[in-house]
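Engineer: Would you mind keeping the following structure in view while I ask a few things?
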Amino acid sequence: MASSSSSTVEHSNFPIISDKSSKENSEAIDFISNLPEPLMCHILSFLTTKEAAATSVLSSKWIKLWTTVPVIDLQEAEITSACNPLLSITAPSKYITDEPFTRFSYVMNQVLLQRTAHHLKKLRLVSRYHRYNPAHFMAWLKYVVVGDVEEVDLALFLDNNIDLPITFFTCKTLVVMKLCGNINIMNVPSSIHLPSLKIADIRGVPFKDIFPINRILIGCPVLEDFSMYLMASVPDRSLKISNPTLLKLRVSCLFCTYDVIQLEIDTPSLKFLDIEATAILDYSLKNLHNVVEARLNMLVENGPEDRLFHIFKALHEIRYMSISLFTIQTFTKTFDLGLPEFSNLVRLVLTISYCDSKLLVKLLQKCPKLRDLVIQKETFYGDRRLWIDPKSVPNCISSHLVEFSFNGYSGSDNELGLVVYILKSGNLLKRVTIQTYYFLNYMKDGIRIQEQLSRVPRASSRCELVFE
């Protein structure tokens with residue numbers, strides 16, 4: 001017979017909790033309940049509204065605690081589920097219908113009415129309803145603006161676009177704005193004033209022109225982080241991003257039907273830049289001397305490839321750089337155009353389809369102080385070209401390189417040639433990490449790869465070879 005002191009006994013895949021375990025759980029709940037109420041409220045703010053409301057059954061002290069949380073986080077899937085505690089707390093049975101949006105709308109209204117917190121810090125709504133009343137969304141947003149909201153996160157995937165209230169674009173307290181889906185920002189006022197906005201993330205929002213983006217950027221005097229993901233066609237031929245306070249910028253129009261001819265960036269304070277583009281034919285980059293890190297994913301299918309080199313010239317002072325496979329493919333077409341020297345670059349991430357010794361040497365010769373090189377192999381693009389040992393070794397490999405990583409290693413002769421070249425040439429290497437491709441059989445291929453690479457002579461006696 002099992003001892004009564006055992007805390008958990010497994011039976012038919014269901015845990016049977018002993019009296020001792022129940023007592024421990026009760027003591028844990030009592031400990032949390034004795035915390036100061038502001039601290040308890042802060043803990044609940046990390047949960048969704050559904051999860052926070054579920055704590056009301058713990059004890060009398062918890063019954064109304066969720067209404068003091070300055071966060072509303074409602075998601076369609078949670079609201080429409082039959083076991084949603086919000087339904088039993090906020091809605092009498094006569095209001096619980098089978099129509100999803102009616103249920104969602106009633107719960108949302110009741111959550112707003114039952115709130116006792118004077119300040120609303122965050123509103124997050126996720127909805128995919130096909131039948132909905134846009135007036136409800138408008139009313140909710142007007143309410144939170146009046147409540148001095150600091151963060152609004154909307155992910156609305158509806159049949160038609162919904163408008164944002166005009167007051168939304170003059171909210172003095174808004175710090176974070178995330179908009180995704182069928183949200184119409186074409187009706188933004190000519191004068192936007194968001195004096196506290198620091199983070200703006202706009203994804204998949206339909207545009208008829210680019211003017212609203214320019215207005216938003218002009219109307220945010222302390223904006224630090226701006227992300228824009230374009231998803232549909234617009235007639236504009238130029239996109240200008242100009243802001244003196246911007247620190248991080250992400251622009252993506254990858255695999256979309258945009259016909260943006262020129263992207264102009266003028267951001268003197270920028271430190272991080274991430275560009276994904278297939279539809280941009282020209283770039284005008286100004287005041288990027290403070291950029292520390294850049295991620296470049298650009299496919300050039302039509303037009304002059306030298307546009308990429310204008311970008312690299314503008315970014316020649318960066319310290320960290322990631323270059324995608326598409327960008328690498330453009331490199332192979334433009335060897336003779338030359339590259340600027342990246343005299344401050346210490347970390348380089350290259351996504352490749354095969355190991356091209358000519359390309360690698362040409363690029364690394366322009367990175368004299370490189371300390372960390374990462375190769376990410378996209379095996380599904382496959383290439384059986386042979387590795388040709390370079391006749392020279394770039395100075396960064398022999399005199400500066402400390403770490404080298406190869407992700408997606410499959411053991412081909414092409415890949416082996418590169419790793420051997422690095423091991424034999426890196427006089428200061430401390431760590432070489434080999435991450436094998438996921439489809440490999442570890443017992444067969446993994447051990448073979450480890451044994452093969454472990455036998456390769458290393459120029460650095462301190463070099464550690466790590467397999468993942």
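By order of appearance in the structure tokens: chains A, B, ..., then residues from 1 within every chain, and ligands from 1 in the order shown.
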Please extract the residues of range 227-441 of chain A with a backbone DSSP assignment of helix (DSSP H, G or I) and present them as a PyMOL selection string.
Structural biologist: chain A and resi 307-314+325-331+335-337+357-364+379-381+395-399+413-425
Engineer: With N, CA and C atoms retained, could you export that selection as a compact mmCIF listing (two decimals), in the first residue's frame?
Structural biologist:
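Listing of selection.txt after writing:
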```txt
# COMPACT_ATOMS: atom_id res chain seq x y z
N ARG A 307 22.01 49.16 -56.32
CA ARG A 307 21.27 49.85 -55.27
C ARG A 307 21.64 49.30 -53.89
N LEU A 308 21.97 47.99 -53.83
CA LEU A 308 22.37 47.41 -52.55
C LEU A 308 23.67 48.01 -52.05
N PHE A 309 24.55 48.33 -52.96
CA PHE A 309 25.84 48.86 -52.55
C PHE A 309 25.72 50.28 -52.01
N HIS A 310 24.70 50.99 -52.44
CA HIS A 310 24.43 52.30 -51.85
C HIS A 310 24.01 52.14 -50.39
N ILE A 311 23.27 51.05 -50.12
CA ILE A 311 22.86 50.78 -48.74
C ILE A 311 24.07 50.44 -47.88
N PHE A 312 24.93 49.55 -48.38
CA PHE A 312 26.11 49.17 -47.61
C PHE A 312 27.04 50.37 -47.38
N LYS A 313 27.11 51.23 -48.34
CA LYS A 313 27.94 52.42 -48.18
C LYS A 313 27.41 53.30 -47.05
N ALA A 314 26.08 53.40 -46.96
CA ALA A 314 25.47 54.22 -45.91
C ALA A 314 25.61 53.57 -44.54
N LEU A 325 19.71 35.28 -47.61
CA LEU A 325 20.04 34.51 -48.80
C LEU A 325 19.78 35.32 -50.07
N PHE A 326 18.63 36.02 -50.11
CA PHE A 326 18.29 36.81 -51.29
C PHE A 326 19.35 37.89 -51.54
N THR A 327 19.79 38.53 -50.48
CA THR A 327 20.80 39.57 -50.62
C THR A 327 22.13 38.98 -51.08
N ILE A 328 22.47 37.82 -50.55
CA ILE A 328 23.69 37.12 -50.96
C ILE A 328 23.65 36.79 -52.44
N GLN A 329 22.48 36.34 -52.93
CA GLN A 329 22.35 36.00 -54.34
C GLN A 329 22.60 37.22 -55.22
N THR A 330 22.20 38.39 -54.75
CA THR A 330 22.47 39.61 -55.51
C THR A 330 23.96 39.92 -55.51
N PHE A 331 24.62 39.63 -54.39
CA PHE A 331 26.07 39.84 -54.31
C PHE A 331 26.80 39.11 -55.43
N PHE A 335 30.09 41.35 -58.23
CA PHE A 335 31.42 41.33 -57.63
C PHE A 335 32.25 42.56 -57.97
N ASP A 336 32.12 43.04 -59.18
CA ASP A 336 33.01 44.09 -59.67
C ASP A 336 32.62 45.49 -59.19
N LEU A 337 31.49 45.60 -58.50
CA LEU A 337 31.05 46.93 -58.07
C LEU A 337 31.81 47.41 -56.83
N SER A 357 33.54 30.19 -51.82
CA SER A 357 34.80 30.69 -51.27
C SER A 357 35.16 32.07 -51.81
N LYS A 358 34.87 32.30 -53.09
CA LYS A 358 35.19 33.60 -53.70
C LYS A 358 34.39 34.72 -53.03
N LEU A 359 33.09 34.48 -52.86
CA LEU A 359 32.23 35.48 -52.22
C LEU A 359 32.65 35.72 -50.78
N LEU A 360 32.90 34.63 -50.06
CA LEU A 360 33.23 34.75 -48.64
C LEU A 360 34.51 35.55 -48.42
N VAL A 361 35.54 35.22 -49.17
CA VAL A 361 36.81 35.93 -49.01
C VAL A 361 36.67 37.40 -49.38
N LYS A 362 35.94 37.67 -50.46
CA LYS A 362 35.76 39.05 -50.90
C LYS A 362 35.04 39.88 -49.84
N LEU A 363 34.06 39.27 -49.19
CA LEU A 363 33.30 39.97 -48.16
C LEU A 363 34.12 40.14 -46.88
N LEU A 364 34.79 39.06 -46.45
CA LEU A 364 35.55 39.12 -45.19
C LEU A 364 36.76 40.03 -45.29
N THR A 379 19.40 24.58 -46.40
CA THR A 379 19.67 23.36 -47.15
C THR A 379 18.66 23.12 -48.25
N PHE A 380 17.39 23.55 -48.03
CA PHE A 380 16.38 23.25 -49.02
C PHE A 380 16.62 23.98 -50.34
N TYR A 381 17.54 24.94 -50.36
CA TYR A 381 17.89 25.57 -51.62
C TYR A 381 18.98 24.77 -52.36
N ASN A 395 42.47 38.91 -43.18
CA ASN A 395 43.11 39.26 -41.92
C ASN A 395 42.21 39.02 -40.72
N CYS A 396 40.89 39.21 -40.89
CA CYS A 396 39.99 39.03 -39.75
C CYS A 396 39.96 37.58 -39.29
N ILE A 397 40.08 36.62 -40.21
CA ILE A 397 40.06 35.20 -39.82
C ILE A 397 41.33 34.84 -39.07
N SER A 398 42.46 35.26 -39.56
CA SER A 398 43.73 34.87 -38.94
C SER A 398 44.05 35.64 -37.67
N SER A 399 43.56 36.88 -37.55
CA SER A 399 44.01 37.73 -36.45
C SER A 399 42.93 38.25 -35.51
N ASP A 413 30.62 17.98 -48.85
CA ASP A 413 32.01 18.35 -49.10
C ASP A 413 32.16 19.87 -49.15
N ASN A 414 31.15 20.54 -49.68
CA ASN A 414 31.17 22.00 -49.77
C ASN A 414 31.22 22.64 -48.39
N GLU A 415 30.39 22.15 -47.48
CA GLU A 415 30.36 22.67 -46.12
C GLU A 415 31.62 22.30 -45.36
N LEU A 416 32.08 21.06 -45.55
CA LEU A 416 33.29 20.60 -44.88
C LEU A 416 34.48 21.47 -45.26
N GLY A 417 34.56 21.83 -46.53
CA GLY A 417 35.67 22.65 -46.99
C GLY A 417 35.73 23.98 -46.26
N LEU A 418 34.57 24.61 -46.04
CA LEU A 418 34.54 25.89 -45.33
C LEU A 418 34.98 25.73 -43.88
N VAL A 419 34.43 24.73 -43.19
CA VAL A 419 34.76 24.55 -41.77
C VAL A 419 36.25 24.24 -41.59
N VAL A 420 36.80 23.39 -42.46
CA VAL A 420 38.23 23.07 -42.39
C VAL A 420 39.07 24.32 -42.61
N TYR A 421 38.66 25.13 -43.57
CA TYR A 421 39.37 26.39 -43.87
C TYR A 421 39.39 27.31 -42.66
N ILE A 422 38.27 27.42 -41.97
CA ILE A 422 38.19 28.27 -40.78
C ILE A 422 39.04 27.71 -39.65
N LEU A 423 38.94 26.40 -39.40
CA LEU A 423 39.69 25.77 -38.31
C LEU A 423 41.20 25.89 -38.53
N LYS A 424 41.64 25.75 -39.75
CA LYS A 424 43.07 25.79 -40.05
C LYS A 424 43.63 27.21 -40.12
N SER A 425 42.73 28.19 -40.27
CA SER A 425 43.20 29.57 -40.47
C SER A 425 42.98 30.48 -39.27
```
Engineer: Which residues come within 6 Å of range 181-192 of chain A, counting only C-alpha atoms, excluding same-chain residues fewer than 3 positions away, as a ChimeraX atom specification?
Structural biologist: /A:155-157,161-163,169,204-205,219
Engineer: Can I get the selected residues back with N, CA and C atoms, as a short mmCIF file (atom, residue, chain, number, x, y, z; two decimals), in the first residue's frame?
Structural biologist:
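What follows is the written file result_3.cif:
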```cif
data_model
loop_
_atom_site.label_atom_id
_atom_site.label_comp_id
_atom_site.auth_asym_id
_atom_site.auth_seq_id
_atom_site.Cartn_x
_atom_site.Cartn_y
_atom_site.Cartn_z
N ALA A 155 -5.59 43.38 -32.97
CA ALA A 155 -5.40 42.42 -34.05
C ALA A 155 -6.79 42.00 -34.51
N LEU A 156 -7.31 42.69 -35.50
CA LEU A 156 -8.70 42.52 -35.94
C LEU A 156 -8.72 42.05 -37.39
N PHE A 157 -9.17 40.82 -37.58
CA PHE A 157 -9.23 40.23 -38.92
C PHE A 157 -10.70 40.02 -39.28
N ASN A 161 -13.07 46.79 -43.12
CA ASN A 161 -12.21 47.63 -42.28
C ASN A 161 -13.02 48.38 -41.23
N ILE A 162 -12.40 48.60 -40.09
CA ILE A 162 -13.04 49.43 -39.08
C ILE A 162 -12.23 50.72 -38.90
N ASP A 163 -12.92 51.79 -38.56
CA ASP A 163 -12.28 53.09 -38.38
C ASP A 163 -11.81 53.26 -36.94
N PHE A 169 -5.90 59.59 -32.29
CA PHE A 169 -4.66 60.15 -32.83
C PHE A 169 -4.23 61.43 -32.13
N GLY A 204 0.10 44.76 -41.83
CA GLY A 204 -0.99 44.30 -42.68
C GLY A 204 -2.18 45.22 -42.73
N VAL A 205 -2.01 46.45 -42.29
CA VAL A 205 -3.11 47.42 -42.35
C VAL A 205 -3.23 47.93 -43.77
N GLY A 219 3.86 63.45 -36.30
CA GLY A 219 3.11 63.77 -35.09
C GLY A 219 3.56 63.05 -33.84
#
```
Engineer: Taking only range 163-367 of chain A into account, list the residues labelled strand (DSSP E or B) by DSSP (computed from the backbone), as a ChimeraX atom specification.
Structural biologist: /A:163,176-181,183-184,199-203,225-229,238-242,248-253,262-266,272-277,282-286,293-298,320-323,347-352
Engineer: Export C-alpha atoms of the chosen residues as a CSV table (one decimal), in the first residue's frame?
Structural biologist:
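result.csv was written with the following content:
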```csv
chain,number,residue,atom,x,y,z
A,163,ASP,CA,-12.3,53.1,-38.4
A,176,VAL,CA,2.6,51.8,-27.4
A,177,MET,CA,0.4,51.4,-30.5
A,178,LYS,CA,0.1,48.0,-32.3
A,179,LEU,CA,-2.3,47.8,-35.2
A,180,CYS,CA,-2.8,44.6,-37.2
A,181,GLY,CA,-5.5,43.5,-39.7
A,183,ILE,CA,-8.0,48.7,-39.4
A,184,ASN,CA,-8.6,51.8,-41.5
A,199,ILE,CA,6.5,52.4,-30.0
A,200,ALA,CA,4.4,52.0,-33.2
A,201,ASP,CA,3.9,48.7,-34.9
A,202,ILE,CA,1.6,48.6,-38.0
A,203,ARG,CA,1.2,45.2,-39.7
A,225,ASP,CA,10.6,52.2,-32.3
A,226,PHE,CA,8.7,52.0,-35.6
A,227,SER,CA,7.7,48.9,-37.5
A,228,MET,CA,5.7,48.8,-40.8
A,229,TYR,CA,4.7,45.7,-42.7
A,238,SER,CA,7.9,57.1,-52.7
A,239,LEU,CA,7.9,56.2,-49.0
A,240,LYS,CA,9.7,58.7,-46.7
A,241,ILE,CA,10.6,57.8,-43.2
A,242,SER,CA,12.0,60.8,-41.4
A,248,LYS,CA,14.7,51.2,-34.2
A,249,LEU,CA,13.2,50.9,-37.7
A,250,ARG,CA,11.7,47.8,-39.4
A,251,VAL,CA,10.3,48.1,-42.9
A,252,SER,CA,8.9,45.1,-44.8
A,253,CYS,CA,7.3,44.8,-48.2
A,262,GLN,CA,11.9,54.8,-53.7
A,263,LEU,CA,12.4,54.3,-50.0
A,264,GLU,CA,13.9,57.4,-48.3
A,265,ILE,CA,15.2,57.1,-44.7
A,266,ASP,CA,16.4,60.1,-42.8
A,272,PHE,CA,18.8,49.4,-35.4
A,273,LEU,CA,17.6,48.9,-39.1
A,274,ASP,CA,15.7,46.0,-40.5
A,275,ILE,CA,14.7,46.1,-44.2
A,276,GLU,CA,12.8,43.3,-46.1
A,277,ALA,CA,12.0,44.4,-49.6
A,282,ASP,CA,15.8,52.8,-55.3
A,283,TYR,CA,17.0,53.8,-51.8
A,284,SER,CA,17.9,57.2,-50.4
A,285,LEU,CA,19.5,56.7,-47.0
A,286,LYS,CA,20.6,59.7,-45.0
A,293,GLU,CA,23.0,46.8,-36.2
A,294,ALA,CA,21.4,46.1,-39.6
A,295,ARG,CA,19.4,43.2,-40.9
A,296,LEU,CA,19.1,43.2,-44.7
A,297,ASN,CA,16.8,40.9,-46.7
A,298,MET,CA,16.4,42.3,-50.2
A,320,TYR,CA,26.5,43.9,-36.3
A,321,MET,CA,25.1,42.8,-39.6
A,322,SER,CA,22.8,40.0,-40.9
A,323,ILE,CA,22.5,39.4,-44.6
A,347,ARG,CA,29.6,40.2,-35.9
A,348,LEU,CA,28.3,39.0,-39.3
A,349,VAL,CA,25.5,36.6,-39.9
A,350,LEU,CA,25.2,35.2,-43.5
A,351,THR,CA,22.4,33.1,-44.8
A,352,ILE,CA,23.6,31.0,-47.7
```
Engineer: Using only C-alpha atoms, pick whichever of A:Leu370, A:Cys355, A:Ile449, A:Leu246 has the shortest atom-to-atom distance to Asp389 in chain A.
Structural biologist: A:Cys355
Engineer: Check the smallest atom-to-atom distance from each of A:Val152, A:Cys41, A:Val146, A:Val432 to Thr167 in chain A using only C-alpha atoms, then report the winner.
Structural biologist: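 Answer, going by the shortest atom-to-atom distance: A:Val146.
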Engineer: Quick one, how far is CA of Phe404 in chain A from CA of Leu315 in chain A?
Structural biologist: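 Separation between CA of Phe404 in chain A and CA of Leu315 in chain A: 23.1 Å.
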